[in-house]
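Working notes, structure below.
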Amino acid sequence: MYDFETDPKRLKDKLFCSMSAHFLTNELPVEAIDWDQEQIEEWIEENKWEPLEYWDAHDVMELIESAAYHGYDFMKKNWKEIADDEKLSSTTQD
């Protein structure tokens with residue numbers, strides 16, 4: 001899963017694990033970043049959310065990848081706005 005060249009902080013992989021909670025009964029553990037694809041698909045097979053129970057594990061993995069990609073892309077395109085909102089939020093909480 002890990003891409004040293006374009007994602008040195010492993011943000012995409014961590015987001016993949018986090019987004020998995022929307023499609024599985026348990027969030028994929030962060031250690032899964034270092035698993036091979038077969039191990040990940042096996043884990044997904046054992047933890048599929050009921051509405052996806054008849055889906056192939058690879059298809060569920062692609063669904064999670066798509067959600068993670070779109071979340072990452074959104075944050076990347078809107079980072080300035082997100083950061084400005086965070087600054088505003090932290091000053092109004094005092």
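Every chain in the structure tokens takes a letter, A first, then B, and so on in the order presented; its residues are numbered from 1, and the ligands are numbered from 1 following the presented order.
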Exercise: Asp56 (chain A) partners within 12 Å, only C-alpha atoms, chain neighbours under 2 positions left out, as a list in words: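 The residues that qualify are Glu41, Glu42, Ile44, Glu45, Glu46, Lys48, Leu52, Glu53, Tyr54, His58, Asp59, Val60, Met61, Glu62 and Leu63 of chain A.
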Residues from last step as file, N, CA and C atoms, as an mmCIF file, in the first residue's frame:
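Saved the output as result_13.cif:
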```
data_model
loop_
_atom_site.group_PDB
_atom_site.id
_atom_site.type_symbol
_atom_site.label_atom_id
_atom_site.label_comp_id
_atom_site.auth_asym_id
_atom_site.auth_seq_id
_atom_site.Cartn_x
_atom_site.Cartn_y
_atom_site.Cartn_z
ATOM 1 N N GLU A 41 -7.360 -8.092 2.108
ATOM 2 C CA GLU A 41 -8.628 -8.629 1.591
ATOM 3 C C GLU A 41 -9.198 -9.700 2.513
ATOM 4 N N GLU A 42 -8.339 -10.508 3.106
ATOM 5 C CA GLU A 42 -8.786 -11.528 4.059
ATOM 6 C C GLU A 42 -9.430 -10.861 5.281
ATOM 7 N N ILE A 44 -10.733 -7.850 5.389
ATOM 8 C CA ILE A 44 -11.978 -7.228 4.933
ATOM 9 C C ILE A 44 -13.082 -8.273 4.853
ATOM 10 N N GLU A 45 -12.758 -9.447 4.325
ATOM 11 C CA GLU A 45 -13.742 -10.530 4.202
ATOM 12 C C GLU A 45 -14.344 -10.882 5.560
ATOM 13 N N GLU A 46 -13.534 -10.872 6.591
ATOM 14 C CA GLU A 46 -13.985 -11.225 7.940
ATOM 15 C C GLU A 46 -14.719 -10.087 8.645
ATOM 16 N N LYS A 48 -16.685 -7.455 6.930
ATOM 17 C CA LYS A 48 -17.580 -6.701 6.049
ATOM 18 C C LYS A 48 -18.836 -6.274 6.794
ATOM 19 N N LEU A 52 -22.808 -5.166 2.748
ATOM 20 C CA LEU A 52 -21.790 -5.535 1.762
ATOM 21 C C LEU A 52 -21.357 -6.991 1.890
ATOM 22 N N GLU A 53 -22.088 -7.778 2.666
ATOM 23 C CA GLU A 53 -21.640 -9.131 2.965
ATOM 24 C C GLU A 53 -21.515 -10.033 1.740
ATOM 25 N N TYR A 54 -22.238 -9.740 0.668
ATOM 26 C CA TYR A 54 -22.150 -10.567 -0.535
ATOM 27 C C TYR A 54 -21.200 -9.988 -1.583
ATOM 28 N N HIS A 58 -12.295 -7.782 -2.640
ATOM 29 C CA HIS A 58 -11.537 -6.861 -3.493
ATOM 30 C C HIS A 58 -12.396 -5.661 -3.892
ATOM 31 N N ASP A 59 -13.680 -5.905 -4.173
ATOM 32 C CA ASP A 59 -14.587 -4.806 -4.527
ATOM 33 C C ASP A 59 -14.809 -3.864 -3.353
ATOM 34 N N VAL A 60 -14.891 -4.415 -2.146
ATOM 35 C CA VAL A 60 -15.039 -3.583 -0.946
ATOM 36 C C VAL A 60 -13.767 -2.762 -0.750
ATOM 37 N N MET A 61 -12.619 -3.377 -0.991
ATOM 38 C CA MET A 61 -11.359 -2.661 -0.867
ATOM 39 C C MET A 61 -11.306 -1.500 -1.869
ATOM 40 N N GLU A 62 -11.785 -1.719 -3.073
ATOM 41 C CA GLU A 62 -11.818 -0.645 -4.068
ATOM 42 C C GLU A 62 -12.772 0.472 -3.650
ATOM 43 N N LEU A 63 -13.869 0.117 -3.010
ATOM 44 C CA LEU A 63 -14.808 1.111 -2.495
ATOM 45 C C LEU A 63 -14.135 1.981 -1.429
#
```
Tell me, which residues of chain A carry DSSP alpha helix (DSSP H), written as a count of residues only? 54
Quick one: residues within 12 Å of Met75 (chain A), only C-alpha atoms, excluding same-chain residues fewer than 6 positions away - as a ChimeraX atom specification? /A:11-12,15,68-69,81-83
Write out, as a compact mmCIF listing (two decimals), in the first residue's frame, the residues just selected, with N, CA and C atoms.
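result.txt written:
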```txt
# COMPACT_ATOMS: atom_id res chain seq x y z
N LEU A 11 -0.07 9.45 4.76
CA LEU A 11 -1.41 10.00 4.98
C LEU A 11 -2.49 9.25 4.20
N LYS A 12 -2.20 8.89 2.96
CA LYS A 12 -3.19 8.18 2.15
C LYS A 12 -3.50 6.82 2.75
N LEU A 15 -5.52 7.32 5.91
CA LEU A 15 -6.89 7.68 5.54
C LEU A 15 -7.65 6.45 5.06
N ALA A 68 -11.31 6.99 0.21
CA ALA A 68 -10.09 7.58 0.75
C ALA A 68 -9.46 8.55 -0.26
N TYR A 69 -9.44 8.16 -1.53
CA TYR A 69 -8.89 9.02 -2.57
C TYR A 69 -9.66 10.33 -2.65
N GLU A 81 -8.63 26.69 2.93
CA GLU A 81 -9.92 26.95 3.56
C GLU A 81 -10.09 26.15 4.85
N ILE A 82 -9.67 24.90 4.84
CA ILE A 82 -9.75 24.05 6.04
C ILE A 82 -8.86 24.62 7.14
N ALA A 83 -7.64 25.01 6.78
CA ALA A 83 -6.70 25.57 7.77
C ALA A 83 -7.24 26.88 8.34
```
For CA of Ala32 (chain A) and CA of His70 (chain A), quote the distance in Å rounded to one decimal.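 Computing the Euclidean distance for CA of Ala32 (chain A) and CA of His70 (chain A) yields 20.3 Å.
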Distance in Å - CA of Ile33 (chain A) versus CA of Gly71 (chain A):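 Atom-to-atom, CA of Ile33 (chain A) and CA of Gly71 (chain A) are spaced 17.7 Å apart.
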If you measure from CA of Lys14 (chain A) to CA of Lys80 (chain A), what distance in Å do you get, rounded to one decimal? 21.1 Å
Could you check which of A:Phe74, A:Pro51, A:Trp43, A:Pro29 is closest to Phe16 (chain A), using only C-alpha atoms? A:Pro29
Closest of A:Asp84, A:Asp73, A:Glu65, A:Asp13 to Asp34 (chain A) - atom-to-atom distances counting only C-alpha atoms: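 Checking each candidate against Asp34 (chain A), we get A:Asp13 as the closest.
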